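Next up, input.cif (mmCIF, C-alpha atoms):
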```cif
data_upload
loop_
_atom_site.label_atom_id
_atom_site.label_comp_id
_atom_site.auth_asym_id
_atom_site.auth_seq_id
_atom_site.Cartn_x
_atom_site.Cartn_y
_atom_site.Cartn_z
CA MET A 733 -17.95 -7.35 -4.27
CA PRO A 734 -14.76 -5.23 -4.64
CA LEU A 735 -12.31 -5.59 -1.74
CA THR A 736 -11.64 -2.41 0.20
CA THR A 737 -8.19 -3.73 1.08
CA GLU A 738 -7.36 -3.90 -2.64
CA ALA A 739 -8.68 -0.42 -3.51
CA ASP A 740 -6.27 2.20 -4.81
CA SER A 741 -4.36 4.19 -2.20
CA LYS A 742 -5.52 7.73 -1.54
CA HIS A 743 -1.89 8.82 -1.87
CA GLU A 744 -0.32 9.34 -5.30
CA ASP A 745 3.25 9.56 -6.61
CA LEU A 746 4.81 8.14 -3.47
CA GLU A 747 8.26 7.98 -5.01
CA SER A 748 8.29 11.76 -5.42
CA LYS A 749 7.59 12.52 -1.75
CA SER A 750 10.16 13.33 0.92
CA VAL A 751 10.91 10.93 3.74
CA LYS A 752 9.17 13.23 6.22
CA ASP A 753 6.04 13.52 4.07
CA LEU A 754 5.90 9.75 3.62
CA LEU A 755 6.18 9.16 7.35
CA LYS A 756 3.53 11.76 8.18
CA ALA A 757 1.14 10.29 5.61
CA ILE A 758 1.59 6.74 6.88
CA ASN A 759 1.07 7.92 10.45
CA LYS A 760 -2.10 9.76 9.42
CA GLU A 761 -3.49 6.56 7.90
CA ASP A 762 -2.49 4.50 10.95
CA LYS A 763 -4.44 6.82 13.25
CA THR A 764 -7.69 5.70 11.61
CA VAL A 765 -7.25 2.07 12.72
CA PRO A 766 -8.42 2.34 16.37
CA ASP A 767 -11.59 4.13 15.27
CA ALA A 768 -12.34 1.31 12.83
CA ILE A 769 -11.86 -1.24 15.61
CA ALA A 770 -14.17 0.70 17.93
CA LYS A 771 -17.03 0.00 15.52
CA ALA A 772 -16.50 -3.76 16.00
CA ILE A 773 -16.40 -3.88 19.82
CA LEU A 774 -19.68 -5.77 20.14
CA GLU A 775 -18.52 -8.44 17.72
CA ILE A 776 -15.19 -8.76 19.53
CA GLU A 777 -17.04 -9.04 22.84
CA ALA A 778 -19.17 -11.91 21.54
CA LEU A 779 -16.11 -13.85 20.40
CA VAL A 780 -14.25 -13.26 23.67
CA LYS A 781 -17.19 -14.55 25.70
CA ALA A 782 -17.38 -17.68 23.54
CA ILE A 783 -13.64 -18.33 23.97
CA VAL A 784 -13.77 -17.81 27.75
CA LYS A 785 -16.68 -20.22 28.05
CA LYS A 786 -14.81 -22.95 26.17
CA MET A 787 -11.47 -22.40 27.88
CA LYS A 788 -13.03 -22.53 31.34
CA LYS A 789 -14.12 -26.05 30.40
CA GLY A 790 -10.64 -27.07 29.31
CA GLY A 791 -10.83 -26.01 25.68
CA ARG A 792 -8.13 -24.37 23.61
CA LEU A 793 -7.90 -21.34 21.35
CA PHE A 794 -6.53 -21.73 17.82
CA TYR A 795 -5.54 -18.97 15.42
CA ILE A 796 -5.21 -19.92 11.77
CA GLY A 797 -4.08 -17.70 8.92
CA ALA A 798 -1.74 -17.22 5.98
CA GLY A 799 1.10 -14.75 5.41
CA THR A 800 1.03 -11.71 7.68
CA SER A 801 -2.27 -12.82 9.23
CA GLY A 802 -0.84 -16.21 10.15
CA ARG A 803 2.32 -14.66 11.59
CA LEU A 804 0.29 -12.27 13.76
CA GLY A 805 -1.69 -15.19 15.17
CA ILE A 806 1.50 -17.06 15.97
CA VAL A 807 3.00 -14.00 17.67
CA ASP A 808 -0.07 -13.58 19.87
CA ALA A 809 -0.20 -17.28 20.76
CA SER A 810 3.52 -17.44 21.57
CA GLU A 811 3.28 -14.54 24.00
CA ILE A 812 0.56 -16.09 26.18
CA PRO A 813 2.71 -18.49 28.28
CA PRO A 814 5.44 -15.98 29.24
CA THR A 815 2.97 -13.14 29.84
CA PHE A 816 0.18 -14.96 31.64
CA GLY A 817 1.80 -18.22 32.78
CA LEU A 818 -0.69 -20.32 30.82
CA GLU A 819 0.69 -23.69 29.84
CA HIS A 820 1.92 -24.16 26.28
CA GLY A 821 -0.61 -25.73 23.95
CA LYS A 822 -3.62 -23.82 25.25
CA VAL A 823 -3.35 -21.05 22.64
CA ILE A 824 -1.98 -22.25 19.31
CA GLY A 825 -1.15 -20.36 16.14
CA LEU A 826 -1.12 -22.08 12.74
CA ILE A 827 0.11 -20.67 9.43
CA ALA A 828 -0.35 -21.85 5.86
CA GLY A 829 2.87 -23.49 4.73
CA GLY A 830 3.90 -24.60 8.22
CA ASP A 831 6.50 -23.15 10.56
CA GLY A 832 8.86 -22.40 7.68
CA ALA A 833 6.34 -19.83 6.43
CA ILE A 834 6.86 -17.76 9.58
CA ARG A 835 10.12 -16.46 8.14
CA LYS A 836 9.77 -17.06 4.41
CA ALA A 837 6.65 -16.98 2.26
CA VAL A 838 5.58 -20.37 0.88
CA GLU A 839 4.18 -20.04 -2.62
CA PHE A 840 0.47 -20.86 -3.03
CA ALA A 841 0.20 -22.25 0.53
CA GLU A 842 -2.76 -19.97 1.22
CA ASP A 843 -4.64 -21.46 -1.74
CA ASP A 844 -4.62 -25.03 -0.36
CA GLU A 845 -8.20 -25.80 0.71
CA ASN A 846 -7.31 -29.08 2.41
CA GLN A 847 -4.27 -28.27 4.52
CA GLY A 848 -5.92 -26.04 7.12
CA TRP A 849 -8.15 -28.79 8.45
CA LYS A 850 -5.23 -31.23 8.34
CA ASP A 851 -3.13 -28.82 10.39
CA LEU A 852 -5.88 -28.58 12.99
CA GLN A 853 -6.27 -32.35 13.14
CA VAL A 854 -2.60 -32.71 14.07
CA HIS A 855 -3.59 -31.08 17.36
CA LYS A 856 -6.56 -33.42 17.82
CA ILE A 857 -9.03 -30.55 17.71
CA THR A 858 -12.39 -31.16 19.42
CA LYS A 859 -15.72 -29.45 20.12
CA LYS A 860 -14.17 -28.03 23.30
CA ASP A 861 -11.96 -25.74 21.22
CA VAL A 862 -12.46 -22.44 19.36
CA VAL A 863 -10.80 -21.68 16.02
CA VAL A 864 -10.30 -18.07 14.91
CA GLY A 865 -9.51 -17.54 11.24
CA ILE A 866 -7.48 -14.44 10.38
CA ALA A 867 -7.54 -13.06 6.83
CA ALA A 868 -7.30 -9.40 5.88
CA SER A 869 -8.96 -10.06 2.53
CA GLY A 870 -11.52 -12.36 4.11
CA ARG A 871 -11.20 -14.81 1.22
CA THR A 872 -8.10 -16.93 1.92
CA PRO A 873 -8.95 -20.53 0.86
CA TYR A 874 -6.68 -22.19 3.46
CA VAL A 875 -8.51 -20.38 6.26
CA ILE A 876 -12.06 -20.48 4.90
CA ALA A 877 -11.96 -24.21 4.19
CA ALA A 878 -10.62 -24.90 7.69
CA LEU A 879 -13.43 -22.90 9.31
CA LYS A 880 -15.99 -24.64 7.15
CA GLN A 881 -14.72 -28.04 8.30
CA CYS A 882 -14.77 -26.85 11.90
CA ARG A 883 -18.41 -25.84 11.73
CA GLU A 884 -19.32 -29.14 10.05
CA ASN A 885 -17.72 -30.86 13.04
CA GLY A 886 -19.47 -28.73 15.68
CA ILE A 887 -16.42 -26.61 16.55
CA ASN A 888 -16.99 -22.91 17.35
CA THR A 889 -15.36 -20.49 14.94
CA GLY A 890 -14.46 -16.82 14.90
CA SER A 891 -12.85 -14.66 12.23
CA ILE A 892 -11.03 -11.38 11.76
CA ALA A 893 -11.22 -9.71 8.34
CA CYS A 894 -10.85 -6.20 6.95
CA ASN A 895 -13.55 -6.25 4.27
CA LYS A 896 -17.33 -5.99 4.55
CA LYS A 897 -19.43 -9.10 4.06
CA SER A 898 -16.31 -11.16 3.52
CA ALA A 899 -16.40 -14.81 2.56
CA ILE A 900 -14.72 -15.84 5.80
CA SER A 901 -17.56 -14.30 7.81
CA LEU A 902 -20.01 -16.73 6.22
CA HIS A 903 -18.20 -19.62 7.88
CA SER A 904 -17.73 -17.97 11.26
CA ASP A 905 -19.98 -18.13 14.30
CA TYR A 906 -18.43 -14.92 15.59
CA PRO A 907 -17.25 -12.80 12.64
CA ILE A 908 -15.30 -9.59 13.17
CA GLU A 909 -14.87 -7.14 10.31
CA VAL A 910 -12.63 -4.12 10.84
CA ILE A 911 -12.85 -1.86 7.80
CA VAL A 912 -9.66 0.19 7.67
CA GLY A 913 -10.00 1.33 4.06
CA PRO A 914 -7.39 1.37 1.27
CA GLU A 915 -3.78 0.85 2.28
CA PHE A 916 -1.10 3.55 1.97
CA VAL A 917 0.64 1.31 -0.56
CA THR A 918 -2.18 -0.21 -2.60
CA GLY A 919 -2.93 -3.75 -1.44
CA SER A 920 -0.19 -3.91 1.20
CA THR A 921 -2.33 -5.37 3.98
CA ARG A 922 0.66 -5.77 6.30
CA MET A 923 0.07 -2.06 7.01
CA LYS A 924 -3.33 -0.84 8.32
CA ALA A 925 -5.03 -4.22 8.06
CA GLY A 926 -2.12 -5.91 9.82
CA THR A 927 -2.16 -3.25 12.54
CA ALA A 928 -5.89 -3.76 13.02
CA GLN A 929 -5.50 -7.51 13.28
CA LYS A 930 -2.68 -7.15 15.81
CA LEU A 931 -4.73 -4.78 17.96
CA VAL A 932 -7.80 -7.02 17.85
CA LEU A 933 -5.71 -10.07 18.77
CA ASN A 934 -4.24 -8.14 21.70
CA MET A 935 -7.76 -7.26 22.83
CA ILE A 936 -9.03 -10.83 22.50
CA SER A 937 -6.19 -12.66 24.24
CA THR A 938 -5.67 -10.09 27.01
CA THR A 939 -9.37 -9.94 27.86
CA VAL A 940 -9.66 -13.73 27.78
CA MET A 941 -6.69 -14.10 30.14
CA ILE A 942 -8.13 -11.52 32.54
CA GLN A 943 -11.47 -13.35 32.52
CA LEU A 944 -9.63 -16.60 33.27
CA GLY A 945 -8.07 -15.03 36.37
CA ARG A 946 -4.55 -14.57 35.01
CA ILE A 947 -4.24 -10.97 36.22
CA LYS A 948 -4.46 -9.50 39.74
CA GLY A 949 -5.41 -5.83 39.80
CA ASN A 950 -3.49 -4.81 36.71
CA LYS A 951 -0.40 -6.97 37.25
CA MET A 952 0.95 -10.03 35.40
CA VAL A 953 1.28 -12.13 38.55
CA ASP A 954 1.59 -15.38 36.58
CA MET A 955 4.31 -14.20 34.18
CA GLN A 956 7.29 -16.51 33.70
CA LEU A 957 10.43 -15.21 35.41
CA SER A 958 12.55 -15.91 32.35
CA ASN A 959 14.92 -12.93 32.39
CA ASN A 960 16.33 -10.26 34.70
CA LYS A 961 13.82 -7.63 33.55
CA LEU A 962 10.90 -9.83 34.57
CA ILE A 963 12.52 -10.81 37.85
CA ASP A 964 12.99 -7.12 38.62
CA ARG A 965 9.36 -6.43 37.70
CA GLY A 966 8.18 -9.26 39.94
CA THR A 967 10.31 -8.00 42.81
CA LYS A 968 8.79 -4.54 42.54
CA MET A 969 5.28 -6.02 42.46
CA LEU A 970 5.95 -7.78 45.76
CA MET A 971 7.54 -4.72 47.33
CA LYS A 972 4.44 -2.66 46.61
CA ALA A 973 1.83 -5.31 47.38
CA LEU A 974 3.40 -6.51 50.64
CA SER A 975 5.05 -3.24 51.73
CA ILE A 976 8.46 -4.89 52.05
CA ASN A 977 11.97 -3.93 51.00
CA GLU A 978 13.72 -5.07 47.84
CA LYS A 979 15.89 -7.69 49.55
CA GLU A 980 12.90 -9.38 51.19
CA ALA A 981 10.86 -9.23 47.99
CA ALA A 982 13.69 -10.82 46.00
CA ARG A 983 13.98 -13.58 48.62
CA LEU A 984 10.27 -14.37 48.49
CA LEU A 985 10.23 -14.36 44.70
CA LYS A 986 13.14 -16.79 44.56
CA LYS A 987 11.57 -19.01 47.20
CA HIS A 988 8.13 -19.28 45.61
CA GLY A 989 9.09 -19.00 41.94
CA SER A 990 6.18 -16.76 41.00
CA VAL A 991 4.58 -13.50 42.03
CA ARG A 992 1.19 -15.13 42.59
CA LYS A 993 2.51 -17.83 44.90
CA ALA A 994 4.55 -15.32 46.88
CA LEU A 995 1.48 -13.12 47.32
CA ASP A 996 -0.82 -16.00 48.24
CA GLU A 997 1.58 -17.43 50.81
CA ASN A 998 2.47 -14.15 52.47
CA ARG A 999 -0.96 -12.56 52.69
CA LYS A 1000 -2.37 -15.30 54.88
#
```
For this file, produce the structure as structure tokens.
Amino acid sequence: MPLTTEADSKHEDLESKSVKDLLKAINKEDKTVPDAIAKAILEIEALVKAIVKKMKKGGRLFYIGAGTSGRLGIVDASEIPPTFGLEHGKVIGLIAGGDGAIRKAVEFAEDDENQGWKDLQVHKITKKDVVVGIAASGRTPYVIAALKQCRENGINTGSIACNKKSAISLHSDYPIEVIVGPEFVTGSTRMKAGTAQKLVLNMISTTVMIQLGRIKGNKMVDMQLSNNKLIDRGTKMLMKALSINEKEAARLLKKHGSVRKALDENRK
């Protein structure tokens, strides 16, 4: 079946267009991405519920991908501890070619059908965990083979692809397919497909963290106070929630070391 992500762009003679026309055309294509995701909400919901169920029992969430897809998974995983205060190692991103591939492409790494499962085994993966494969094409061997091994070992799997009836979906308990259509530059899936994957990952991890109690109201009360911006944000949260002045809020935040602890201790 022909891949939509590899279909010819709807835009011709790009090199002859002005900068403004190029930007407007790219923006027009990008606007179609949220609508494509909206059609997959039910599938995303099913995966989120499966992840929450496993993580409430002590399980972990793994993202596994190659190239742009792998990098997006790593970005999402790396942002969980500072944003939601979840301990490191609960959400893990893996990329074909190892950590070096985050910055520089590793030739043919995505074609290795054995390495994905090996990479997961390094983390002593178990049936408590969930593995989400990310592949715009839906046919990356590194990812597909890893998901296949997971299912053979009773490990729940999910997937995010941008082609219909993709190969990766066949090896996923909770497949998600977001069909964004041909890319602005033919085959450049770092564009609309990458945007779609990033948005879906945001939706998955944020909703999972909310379901796990990592948000109060709409505030990141468990965020790590790792820079002045976050300390200032935490101070303002306490000022509003406890109706206190900035000096008192700063004192409480310093004393307790987190917004949640300060709120819990001073609302009694």
Point-to-point distance in Å for CA of Asp767 in chain A and CA of Ile827 in chain A:
28.0 Å
Any chance you could work out the residue set of the PyMOL selection byres ((chain A and resi 843) around 7) here, as an MDAnalysis selection string?
chainID A and resid 840:842 844:845 872:874
List the spatial neighbours of Arg999 in chain A as an MDAnalysis selection string - criterion: any atom at most 8 Å away, all atoms listed in the file, same-chain residues fewer than 3 positions off excluded.
chainID A and resid 974 995:996
Counting all atoms listed in the file, which residue out of A:Pro907, A:Gly832, A:Gly799, A:Gly865 sits closest to Ala772 in chain A?
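Once distances to Ala772 in chain A are computed over all atoms listed in the file, the minimum belongs to A:Pro907.
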Give me the residues near Leu931 in chain A as a ChimeraX atom specification, where near means some atom within 12 Å (using only C-alpha atoms) and where sequence neighbours in that chain fewer than 4 positions away do not count.
/A:762,765-770,772-773,776,804-805,808,892,910,924-927,935-938
I'd like the contact shell of Leu818 in chain A - 9 Å cut-off, only C-alpha atoms, skipping same-chain residues fewer than 5 positions apart - returned as a list in words.
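Those residues are Ile812, Pro813, Val823, Met941, Arg946, Asp954 and Met955 of chain A.
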Find the residues near Lys968 in chain A: any atom within 9 Å, counting only C-alpha atoms, skip ones fewer than 4 places away on the same chain, and give them as a list in words.
Ile963, Asp964, Lys972, Ala973, Glu978, Ala981 and Ala982 of chain A
Report as number ranges by chain the residues that result from applying the PyMOL selection byres ((chain A and resi 885) around 12) to the structure here.
A: 849, 853, 857-863, 878-884, 886-889
For this file, the PyMOL selection byres ((chain A and resi 749-759) around 12) selects which residues, as a VMD selection string?
chain A and resid 741 to 748 760 to 765 914 to 917 923 to 924 927
